[in-house]
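**Student:** Take this structure, written in structure tokens, and hold onto it; I'll ask about it next.
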Amino acid sequence: MKRFQSRRAYVAWPVCGLALAASAAFAQQIPPAPQPAGSGTAPLTMPIPPAGKLVAITNATILTASHGTIEKGTILIRDGKIAEIGTNVPVPAGAVVIDGTGKFVTPGIIDAHSHSSLEGINEGTESVTAMVDIGDAFREDGLTLYRQLAGGVTAANVLHGSANTIGGKNLTVKLKWGLPVDSMRFEKAPPGIKFALGENVRQTNNPAPGRTPRYPRTRMGVEELLRERFTTARDYQAEWAAYNKARSALKKGDAEPIPPRKDLELDALVEVLEGKRLVHAHSYRSDEMLMLLKVARDFGFRVATLQHGLEGYKIADEIAAAGTGVSTFADEWAYKLEAWDAIPFNASLMAERGVKVTVNSDSDERARRLYQDAAKMMHYGNTSEEEALRMITLNAAWQLGIDKYTGSIDVGKDADIAIFTAHPFSPAARVDMTLIDGRLFFDRKTAPTLAALMQLMRRTRAAMGNGGVN
Amino acid sequence: MRRLLLRVASAWAGVIPLAAMAALAAAGGIAALAALAATSPLAAQMTPGAPKPAPAYVIRNATIVPVTAARINNGNVVMQGGRITAVGPNAAVPAGATVIDGTGLFVYPGLINSGTYIGLDEIGSVPGGNDRTELGEFNPHDVALSAVNPHSELIPVARYNGLTSAITAPTGGLISGQASLVDLSGWTGDEMAVKRSAGLVVNYPRAGGRGGRGGGGGRGGAQSAEDVNETLRHLREYFANAKAYSDVKAKLATGAPGKQKTDLAMEAMVPVMRGESPVIFEAGTVAQIRGALAFADSFKLKPIIRGGHEAWQLADTLAARKVPVIVGPIYAAPDPEAPYDEIYANPGVLAKAGVTIAFQTGGASSIRDLPFEVALTVGFGLDPDDAIKAITINPAQIWGVADRLGSIETGKVANLFVTTGDPLDPRSHVRYLFIRGEQVPLVDRHTKLYEEFRARPKPPKR
């Protein structure tokens with residue numbers, strides 16, 4: 001509990017004396033994790049098991065997201081990885097046991113579109129800012145990250161905003177709230193970059209008085225700008241290739257060739273051209289999505305995801321053929337003109353046509369209840385239960401290029417896991433525990449809940465001779 | 001509503017008038033179907049300009065959840081002339097009634113959303129469609145219904161999840177105007193109206209903290225303590241004037257000599273000052289709620305608290321004073337200093353303490369989310385039965401229409417829907433929906449676009 005005291009934003013009440021932690025059997029068994037060096041925070045006393053500890057989740061309903069549901073199953077976690085899964089997994093002596101009786105276990109939720117815990121989302125001065133990195137604006141201590149853990153989220157694609165045709169570089173994180181940012185980075189995730197099309201880039205909805213109009217103002221201009229920058233990037237790439245070739249052919253006594261001038265923006269775009277940096281493109285209308293897919297085809301790269309892609313259902317076959325994923329809202333619509341044809345059946349229809357779809361949050365609020373947004377895909381368009389679950393887990397991992405490591409409950413993957421009190425799609429659902437790499441980052445029993453606060457207030461008032469909360 | 005019937009014949013598959021069923025079984029085939037079309041009540045409705053018929057329907061052999069009574073297994077609900085005329089396992093089926101087979105299905109009273117601006121806004125970023133926020137701080141004579149667009153594309157979308165009625169209310173200013181309770185169907189605003197004036201929206205000022213919560217879209221932003229006092233002074237002054245106006249009007253009515261110049265804003269305040277019409281205080285924090293209650297006391301108003309995310313701290317007070325709370329939107333982030341689950345857990349605490357709660361989603365395009373917003377609070381402690389009450393009978397009581405809406409009882413208006421399961425569960429599907437005893441096909445902008453593009457042929461290979 002003590003760690004809450006140290007969090008800047010978390011000031012009001014979570015106080016000493018909340019003896020709730022004692023009720024958690026898990027808490028009693030796990031020695032406190034070592035204090036992360038240089039984090040500048042109070043010692044961690046939350047029961048995060050140290051790496052290497054064996055953890056077993058027993059007798060639970062396991063929704064694997066990859067190979068169906070296992071009733072009364074056990075998951076054995078060793079060194080932060082899923083070591084064994086099944087109905088006949090023996091629990092080794094000394095393992096920490098989480099009794100999963102009556103509980104539902106899912107892969108940790110992956111939010112494929114987040115702007116959480118950022119100091120500044122848009123470098124909106126120019127329409128192409130491929131040189132900036134959203135990782136530079138990310139705060140490791142954002143309270144929202146803890147609240148998202150409480151909604152079962154274990155990883156997120158933290159993106160630059162949508163103000164620019166080509167925005168900044170992304171940051172894929174695991175939500176190890178309480179640890180320093182370097183241990184939150186998903187090191188094995190391929191780098192990405194944000195693109196954006198449509199109304200936001202054109203700056204049509206929030207006219208700021210006195211602001212100088214910025215090019216482009218039309219969808220025509222957006223395409224032109226993309227082609228212009230990638231043409232320039234291709235020339236830059238060729239310059240470097242020629243330089244490198246000349247250097248490697250250098251003979252003794254030859255003059256050292258002068259390298260091309262380094263350009264941080266074009267470096268990022270060359271990585272896109274070379275398939276080393278994933279493009280996550282904010283887009284709404286079908287025509288602008290087709291435009292981008294065509295530009296990408298002409299320049300020989302793949303668009304990893306269309307973000308939002310609200311009219312993706314109109315061109316599902318074209319998107320599927322491009323090998324592009326779509327990360328969309330469950331049911332947002334009508335908030336602007338380009339969201340007028342948005343339908344909640346979007347994800348289901350695209351999935352039906354072979355597109356890998358995710359349901360994302362794009363919001364600190366929605367990120368806390370993505371499990372319900374996924375359930376809505378069964379409501380709108382009859383997506384199957386497992387496919388709906390994939391839309392917030394395995395498909396997101398695929399879109400971010402981390403599906404080898406996380407996104408489903410499979411042997412060998414990271415033990416990123418959410419444990420629910422009931423089926424995650426049912427009204428009774430609530431997250432009980434969230435584990436990342438087999439370590440506990442959220443536990444409702446020790447969490448500062450409203451019920452815990454009420455208990456504390458009652459106790460305080462009783463001690464002061466006033467029994468009622470009022 | 002008939003317009004919708006004309007549009008969507010396909011939605012009627014499976015709905016067959018009882019009288020024609022035998023003939024259909026005997027004759028079989030297309031000829032019988034043609035005969036059926038000619039004799040069904042639907043056929044009469046399909047003649048443009050024909051007088052409105054009084055259709056009769058029965059949902060047979062369904063699980064009925066009346067809300068105000070125990071659930072009935074294998075029961076019938078009979079509707080005739082817009083009302084529920086019989087409910088129960090042995091309810092008689094009137095001749096000529098259209099029969100819906102409810103086997104395996106559930107019947108619930110229509111859901112009521114207690115805070116939206118449906119019909120007052122269409123596309124958020126397009127100013128031409130925004131009629132919800134008037135200029136100025138005091139607009140008690142502005143009535144939502146006068147600007148509700150009955151043909152808004154958002155209305156059929158709202159029905160898709162079982163909503164049949166909603167409060168639609170103006171936003172902004174200190175006194176935003178009057179909220180209206182409408183049924184989510186009708187050719188005109190007046191046809192939609194259940195209650196033209198359901199309450200006066202007052203945005204109670206908020207001190208400190210973080211502003212800009214969702215919901216009423218009112219003043220929202222927090223003010224300094226000084227500004228709050230200044231705002232309150234204006235609000236008190238306005239109500240004091242209204243009280244004086246109302247008192248003079250009452251005296252004149254008893255024959256006292258004198259004259260009163262008619263002031264339309266003050267006229268709108270009269271039912272409020274007499275305690276006949278409630279005041280909907282947009283108030284989220286403890287300080288706002290306490291302030292609103294004291295304000296209501298000082299003018300003898302009939303308060304309803306809306307928003308109330310910190311109302312759990314005053315649960316016993318609110319219960320003892322019988323002040324209802326419209327909670328929500330639940331799709332909202334807690335204040336920075338609040339427990340992570342405050343918004344989800346608050347309704348359960350209130351209901352357990354005996355507070356009459358209802359739910360609002362706020363907004364217009366989001367109003368269909370009502371059952372799912374409520375669902376989130378069930379996981380955090382709201383009893384599932386209390387949850388259903390909070391979107392059916394409770395709002396009917398709060399808005400003073402419990403004699404007409406909110407439950408499945410003989411004599412009530414036939415606003416109800418038939419679903420495959422728990423309406424709060426996103427895995428359920430609404431199959432049929434009735435408003436004022438007429439079936440409204442579950443077809444909207446979204447289902448139409450879905451069907452249209454689902455049928456799109458594969459594009460040619462390039």
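Order determines the names: the first chain of the structure tokens is A, the second B, and so forth; residues in each chain are numbered 1 upward, and ligands are numbered 1 upward as they are shown.
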Write down, as a ChimeraX atom specification, each residue of chain A that has any atom within 6 Å of an atom of chain B, counting only C-alpha atoms.
**Tutor:** /A:10,12,147,314,334-336,343,365,375-376,378-379,426-430,449-450,470
**Student:** Find the spatial neighbours of Lys276 (chain A), counting only C-alpha atoms, within a cut-off of 9 Å - ignore same-chain residues fewer than 3 positions away - and output them as JSON, numbers by chain.
**Tutor:** {"A": [190, 191, 192, 270, 271, 272, 273]}
**Student:** Near Thr164 (chain B), within 9 Å and counting only C-alpha atoms, which residues show up once chain neighbours fewer than 4 positions away are dropped, as a PDB file with N, CA and C atoms, in the first residue's frame?
**Tutor:**
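Output file out.pdb is given in full below:
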```pdb
ATOM      1  N   PRO B 109     -39.806  -4.393 -19.834  1.00  0.00           N
ATOM      2  CA  PRO B 109     -40.338  -3.062 -20.139  1.00  0.00           C
ATOM      3  C   PRO B 109     -39.263  -2.240 -20.865  1.00  0.00           C
ATOM      4  N   GLY B 110     -39.679  -1.341 -21.714  1.00  0.00           N
ATOM      5  CA  GLY B 110     -38.737  -0.511 -22.470  1.00  0.00           C
ATOM      6  C   GLY B 110     -37.793   0.230 -21.545  1.00  0.00           C
ATOM      7  N   LEU B 111     -36.534   0.352 -21.973  1.00  0.00           N
ATOM      8  CA  LEU B 111     -35.536   1.016 -21.137  1.00  0.00           C
ATOM      9  C   LEU B 111     -35.662   2.533 -21.278  1.00  0.00           C
ATOM     10  N   ILE B 112     -35.421   3.206 -20.167  1.00  0.00           N
ATOM     11  CA  ILE B 112     -35.541   4.670 -20.122  1.00  0.00           C
ATOM     12  C   ILE B 112     -34.187   5.262 -19.757  1.00  0.00           C
ATOM     13  N   ASN B 113     -33.684   6.124 -20.617  1.00  0.00           N
ATOM     14  CA  ASN B 113     -32.410   6.820 -20.368  1.00  0.00           C
ATOM     15  C   ASN B 113     -32.734   8.184 -19.762  1.00  0.00           C
ATOM     16  N   ALA B 158     -30.876   4.361 -31.238  1.00  0.00           N
ATOM     17  CA  ALA B 158     -31.070   4.233 -29.793  1.00  0.00           C
ATOM     18  C   ALA B 158     -31.963   3.046 -29.455  1.00  0.00           C
ATOM     19  N   ARG B 159     -32.952   2.792 -30.324  1.00  0.00           N
ATOM     20  CA  ARG B 159     -33.912   1.714 -30.034  1.00  0.00           C
ATOM     21  C   ARG B 159     -33.285   0.338 -30.131  1.00  0.00           C
ATOM     22  N   VAL B 182     -39.407  11.864 -23.658  1.00  0.00           N
ATOM     23  CA  VAL B 182     -40.004  11.482 -24.949  1.00  0.00           C
ATOM     24  C   VAL B 182     -39.950   9.973 -25.155  1.00  0.00           C
ATOM     25  N   ASP B 183     -40.928   9.466 -25.893  1.00  0.00           N
ATOM     26  CA  ASP B 183     -40.820   8.117 -26.433  1.00  0.00           C
ATOM     27  C   ASP B 183     -39.965   8.212 -27.694  1.00  0.00           C
ATOM     28  N   LEU B 184     -39.216   7.163 -27.958  1.00  0.00           N
ATOM     29  CA  LEU B 184     -38.256   7.233 -29.069  1.00  0.00           C
ATOM     30  C   LEU B 184     -38.891   6.805 -30.387  1.00  0.00           C
ATOM     31  N   SER B 185     -40.082   7.370 -30.648  1.00  0.00           N
ATOM     32  CA  SER B 185     -40.773   7.104 -31.890  1.00  0.00           C
ATOM     33  C   SER B 185     -41.902   8.104 -32.032  1.00  0.00           C
ATOM     34  N   ASN B 415     -44.863  -0.096 -23.954  1.00  0.00           N
ATOM     35  CA  ASN B 415     -43.458   0.144 -24.318  1.00  0.00           C
ATOM     36  C   ASN B 415     -42.668  -1.038 -23.784  1.00  0.00           C
ATOM     37  N   LEU B 416     -42.238  -1.920 -24.648  1.00  0.00           N
ATOM     38  CA  LEU B 416     -41.525  -3.098 -24.173  1.00  0.00           C
ATOM     39  C   LEU B 416     -40.690  -3.699 -25.298  1.00  0.00           C
ATOM     40  N   PHE B 417     -39.820  -4.637 -24.906  1.00  0.00           N
ATOM     41  CA  PHE B 417     -39.024  -5.303 -25.938  1.00  0.00           C
ATOM     42  C   PHE B 417     -38.801  -6.764 -25.594  1.00  0.00           C
ATOM     43  N   LEU B 433     -39.356  -4.859 -30.653  1.00  0.00           N
ATOM     44  CA  LEU B 433     -39.520  -3.708 -29.769  1.00  0.00           C
ATOM     45  C   LEU B 433     -40.845  -3.025 -30.074  1.00  0.00           C
ATOM     46  N   PHE B 434     -41.540  -2.659 -29.013  1.00  0.00           N
ATOM     47  CA  PHE B 434     -42.839  -2.000 -29.157  1.00  0.00           C
ATOM     48  C   PHE B 434     -42.823  -0.650 -28.445  1.00  0.00           C
ATOM     49  N   ILE B 435     -43.372   0.343 -29.104  1.00  0.00           N
ATOM     50  CA  ILE B 435     -43.578   1.639 -28.474  1.00  0.00           C
ATOM     51  C   ILE B 435     -45.038   2.012 -28.651  1.00  0.00           C
TER      52      ILE B 435
END
```
**Student:** Kindly indicate which residue among A:Ala249, A:Leu266, A:Met220, A:Ala65 lies nearest to Asp235 (chain A), using only C-alpha atoms for the distances.
**Tutor:**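 Using only C-alpha atoms, Asp235 (chain A) sits closest to A:Leu266.
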**Student:** From region 148-318 of chain A, collect each residue whose DSSP state is strand (DSSP E or B) and return the set as an mmCIF file with N, CA and C atoms, in the first residue's frame.
**Tutor:**
```cif
data_model
loop_
_atom_site.group_PDB
_atom_site.id
_atom_site.type_symbol
_atom_site.label_atom_id
_atom_site.label_comp_id
_atom_site.auth_asym_id
_atom_site.auth_seq_id
_atom_site.Cartn_x
_atom_site.Cartn_y
_atom_site.Cartn_z
ATOM 1 N N VAL A 153 -5.625 -4.505 -18.523
ATOM 2 C CA VAL A 153 -4.714 -4.149 -19.623
ATOM 3 C C VAL A 153 -3.266 -4.386 -19.186
ATOM 4 N N THR A 154 -2.507 -5.051 -20.045
ATOM 5 C CA THR A 154 -1.108 -5.327 -19.713
ATOM 6 C C THR A 154 -0.122 -4.679 -20.676
ATOM 7 N N ALA A 155 -0.599 -4.288 -21.852
ATOM 8 C CA ALA A 155 0.311 -3.654 -22.818
ATOM 9 C C ALA A 155 -0.465 -2.649 -23.655
ATOM 10 N N ALA A 156 0.281 -1.673 -24.210
ATOM 11 C CA ALA A 156 -0.384 -0.643 -25.003
ATOM 12 C C ALA A 156 0.540 -0.107 -26.081
ATOM 13 N N ASN A 157 -0.088 0.279 -27.173
ATOM 14 C CA ASN A 157 0.594 0.960 -28.271
ATOM 15 C C ASN A 157 0.383 2.455 -28.051
ATOM 16 N N VAL A 158 1.390 3.095 -27.460
ATOM 17 C CA VAL A 158 1.262 4.520 -27.148
ATOM 18 C C VAL A 158 1.655 5.313 -28.387
ATOM 19 N N ILE A 166 2.151 12.842 -41.155
ATOM 20 C CA ILE A 166 3.082 11.861 -40.593
ATOM 21 C C ILE A 166 3.492 12.381 -39.220
ATOM 22 N N GLY A 167 3.053 11.685 -38.201
ATOM 23 C CA GLY A 167 3.313 12.127 -36.833
ATOM 24 C C GLY A 167 4.598 11.509 -36.307
ATOM 25 N N GLY A 168 4.646 11.300 -34.983
ATOM 26 C CA GLY A 168 5.885 10.822 -34.374
ATOM 27 C C GLY A 168 5.938 9.308 -34.235
ATOM 28 N N LYS A 169 7.086 8.879 -33.721
ATOM 29 C CA LYS A 169 7.311 7.449 -33.489
ATOM 30 C C LYS A 169 6.507 6.972 -32.282
ATOM 31 N N LEU A 171 5.477 4.116 -29.034
ATOM 32 C CA LEU A 171 6.136 3.434 -27.916
ATOM 33 C C LEU A 171 5.237 2.273 -27.501
ATOM 34 N N THR A 172 5.749 1.073 -27.597
ATOM 35 C CA THR A 172 4.987 -0.079 -27.121
ATOM 36 C C THR A 172 5.442 -0.371 -25.695
ATOM 37 N N VAL A 173 4.484 -0.388 -24.773
ATOM 38 C CA VAL A 173 4.846 -0.580 -23.365
ATOM 39 C C VAL A 173 4.072 -1.733 -22.738
ATOM 40 N N LYS A 174 4.693 -2.316 -21.733
ATOM 41 C CA LYS A 174 3.946 -3.150 -20.802
ATOM 42 C C LYS A 174 3.625 -2.262 -19.605
ATOM 43 N N ARG A 185 9.229 -0.465 -21.320
ATOM 44 C CA ARG A 185 9.354 -0.586 -22.777
ATOM 45 C C ARG A 185 9.263 -2.035 -23.212
ATOM 46 N N GLY A 192 7.375 1.675 -34.473
ATOM 47 C CA GLY A 192 6.263 2.094 -35.322
ATOM 48 C C GLY A 192 6.207 3.599 -35.456
ATOM 49 N N ILE A 193 5.271 4.058 -36.245
ATOM 50 C CA ILE A 193 5.095 5.502 -36.442
ATOM 51 C C ILE A 193 3.631 5.792 -36.745
ATOM 52 N N LYS A 194 3.195 6.959 -36.315
ATOM 53 C CA LYS A 194 1.800 7.346 -36.519
ATOM 54 C C LYS A 194 1.659 8.147 -37.809
ATOM 55 N N PHE A 195 0.698 7.779 -38.625
ATOM 56 C CA PHE A 195 0.262 8.590 -39.754
ATOM 57 C C PHE A 195 -1.162 9.053 -39.440
ATOM 58 N N ALA A 196 -1.648 10.055 -40.147
ATOM 59 C CA ALA A 196 -3.049 10.437 -39.968
ATOM 60 C C ALA A 196 -3.596 11.037 -41.255
ATOM 61 N N LEU A 278 6.713 0.053 -38.397
ATOM 62 C CA LEU A 278 5.302 -0.200 -38.702
ATOM 63 C C LEU A 278 4.516 1.103 -38.798
ATOM 64 N N VAL A 279 3.681 1.207 -39.811
ATOM 65 C CA VAL A 279 2.842 2.389 -39.984
ATOM 66 C C VAL A 279 1.470 2.145 -39.345
ATOM 67 N N HIS A 280 1.114 3.012 -38.400
ATOM 68 C CA HIS A 280 -0.214 2.974 -37.779
ATOM 69 C C HIS A 280 -0.935 4.251 -38.212
ATOM 70 N N ALA A 281 -1.890 4.108 -39.115
ATOM 71 C CA ALA A 281 -2.454 5.276 -39.789
ATOM 72 C C ALA A 281 -3.880 5.575 -39.343
ATOM 73 N N HIS A 282 -4.018 6.679 -38.621
ATOM 74 C CA HIS A 282 -5.334 7.201 -38.243
ATOM 75 C C HIS A 282 -6.118 7.509 -39.523
ATOM 76 N N SER A 283 -7.304 6.943 -39.643
ATOM 77 C CA SER A 283 -8.087 7.124 -40.868
ATOM 78 C C SER A 283 -9.546 6.809 -40.584
ATOM 79 N N VAL A 303 1.165 -1.056 -44.880
ATOM 80 C CA VAL A 303 0.590 -0.320 -43.758
ATOM 81 C C VAL A 303 0.227 -1.369 -42.709
ATOM 82 N N ALA A 304 0.810 -1.255 -41.524
ATOM 83 C CA ALA A 304 0.556 -2.284 -40.501
ATOM 84 C C ALA A 304 -0.887 -2.216 -40.027
ATOM 85 N N THR A 305 -1.326 -1.003 -39.655
ATOM 86 C CA THR A 305 -2.714 -0.881 -39.193
ATOM 87 C C THR A 305 -3.334 0.415 -39.689
ATOM 88 N N LEU A 306 -4.615 0.329 -39.963
ATOM 89 C CA LEU A 306 -5.444 1.516 -40.102
ATOM 90 C C LEU A 306 -6.055 1.736 -38.729
ATOM 91 N N GLN A 307 -5.743 2.855 -38.117
ATOM 92 C CA GLN A 307 -6.267 3.131 -36.776
ATOM 93 C C GLN A 307 -7.624 3.815 -36.903
ATOM 94 N N HIS A 308 -8.584 3.341 -36.161
ATOM 95 C CA HIS A 308 -10.002 3.723 -36.236
ATOM 96 C C HIS A 308 -10.649 3.028 -37.438
#
```
**Student:** Find the residues around Val202 (chain B) up to 8 Å (only C-alpha atoms counted), leave out those fewer than 5 positions away in its own chain, and share them as a PyMOL selection string.
**Tutor:** chain B and resi 174-177+279-282
**Student:** Please write the residues from the selection above to a file, keeping C-alpha atoms, as a PDB file, in the first residue's frame.
**Tutor:**
```
ATOM      1  CA  LEU B 174     -26.697  28.079 -15.166  1.00  0.00           C
ATOM      2  CA  ILE B 175     -30.313  27.256 -15.914  1.00  0.00           C
ATOM      3  CA  SER B 176     -30.148  25.336 -19.175  1.00  0.00           C
ATOM      4  CA  GLY B 177     -33.884  24.986 -19.667  1.00  0.00           C
ATOM      5  CA  VAL B 279     -35.229  20.735 -10.418  1.00  0.00           C
ATOM      6  CA  ILE B 280     -32.547  18.537 -11.946  1.00  0.00           C
ATOM      7  CA  PHE B 281     -29.357  19.670 -10.267  1.00  0.00           C
ATOM      8  CA  GLU B 282     -26.281  18.703 -12.231  1.00  0.00           C
TER       9      GLU B 282
END
```
**Student:** Got a sec: who's within 8 Å of Ala351 (chain B), counting only C-alpha atoms, leaving out chain neighbours fewer than 5 positions off, as a PyMOL selection string?
**Tutor:** chain B and resi 356-357+382+386
**Student:** Those residues with C-alpha atoms, as a PDB file, in the first residue's frame please?
**Tutor:**
```pdb
ATOM      1  CA  THR B 356     -33.861   5.692  -5.793  1.00  0.00           C
ATOM      2  CA  ILE B 357     -31.402   5.686  -8.661  1.00  0.00           C
ATOM      3  CA  LEU B 382     -25.220  -3.116  -8.015  1.00  0.00           C
ATOM      4  CA  ASP B 386     -31.917  -3.080  -8.932  1.00  0.00           C
TER       5      ASP B 386
END
```
**Student:** Quick one: residues within 12 Å of Leu389 (chain A), only C-alpha atoms, excluding same-chain residues fewer than 3 positions away - as a short mmCIF file (atom, residue, chain, number, x, y, z; two decimals) with C-alpha atoms, in the first residue's frame?
**Tutor:**
```
data_model
loop_
_atom_site.label_atom_id
_atom_site.label_comp_id
_atom_site.auth_asym_id
_atom_site.auth_seq_id
_atom_site.Cartn_x
_atom_site.Cartn_y
_atom_site.Cartn_z
CA ILE A 62 -9.03 -20.33 -19.15
CA LEU A 63 -9.91 -18.40 -22.29
CA THR A 64 -6.72 -18.86 -24.27
CA ALA A 65 -7.61 -16.62 -27.25
CA SER A 66 -5.65 -19.04 -29.44
CA HIS A 67 -6.95 -22.54 -28.83
CA GLY A 68 -10.32 -22.35 -27.16
CA THR A 69 -11.44 -22.49 -23.56
CA VAL A 105 -8.54 -16.17 -16.96
CA THR A 106 -7.75 -14.35 -20.19
CA PRO A 107 -4.59 -13.10 -21.84
CA GLY A 108 -3.65 -9.64 -20.66
CA ILE A 109 -5.50 -7.04 -22.70
CA ILE A 110 -3.48 -5.12 -25.27
CA VAL A 357 -9.25 -6.47 -36.29
CA THR A 358 -8.71 -4.99 -32.86
CA VAL A 359 -10.95 -2.91 -30.63
CA LEU A 370 -12.03 -2.91 -23.18
CA TYR A 371 -13.32 -6.34 -22.14
CA GLN A 372 -16.85 -4.99 -22.45
CA ASP A 373 -16.12 -3.28 -25.76
CA ALA A 374 -14.90 -6.64 -27.06
CA ALA A 375 -18.11 -8.29 -25.84
CA LYS A 376 -20.08 -5.81 -27.95
CA MET A 377 -18.64 -7.42 -31.06
CA MET A 378 -20.74 -10.47 -30.21
CA THR A 383 -18.49 -12.30 -33.84
CA SER A 384 -17.60 -15.52 -32.03
CA GLU A 385 -16.50 -15.37 -28.42
CA GLU A 386 -12.90 -16.28 -29.15
CA ILE A 392 -8.30 -7.07 -27.53
CA THR A 393 -5.48 -9.59 -27.17
CA LEU A 394 -3.92 -11.76 -29.85
CA ASN A 395 -4.89 -9.60 -32.84
CA ALA A 396 -3.45 -6.56 -31.09
CA GLY A 407 -1.49 -11.93 -26.66
CA SER A 408 -2.62 -15.45 -25.87
CA ILE A 409 -2.28 -18.10 -23.22
CA HIS A 423 -16.92 -14.31 -17.67
CA PRO A 424 -15.23 -11.15 -18.98
CA PHE A 425 -18.14 -10.46 -21.34
#
```
**Student:** Env of Val286 (chain B): 8 Å cut, atoms = only C-alpha atoms, seq-sep filter 2 positions within chain, self excluded. Answer as JSON, numbers by chain.
**Tutor:** {"B": [284, 288, 289, 290, 308, 310, 311, 313, 314]}
**Student:** Using only C-alpha atoms, which residue out of B:Asp385, B:Asn149, B:Thr361, B:Glu276 lies closest to Arg71 (chain B)?
**Tutor:**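 Among the listed residues, B:Asp385 lies closest to Arg71 (chain B).
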**Student:** Apply DSSP to the structure's backbone, then extract all residues of region 192-257 of chain A labelled helix (DSSP H, G or I) and return them as a PyMOL selection string.
**Tutor:** chain A and resi 199-202+219-248
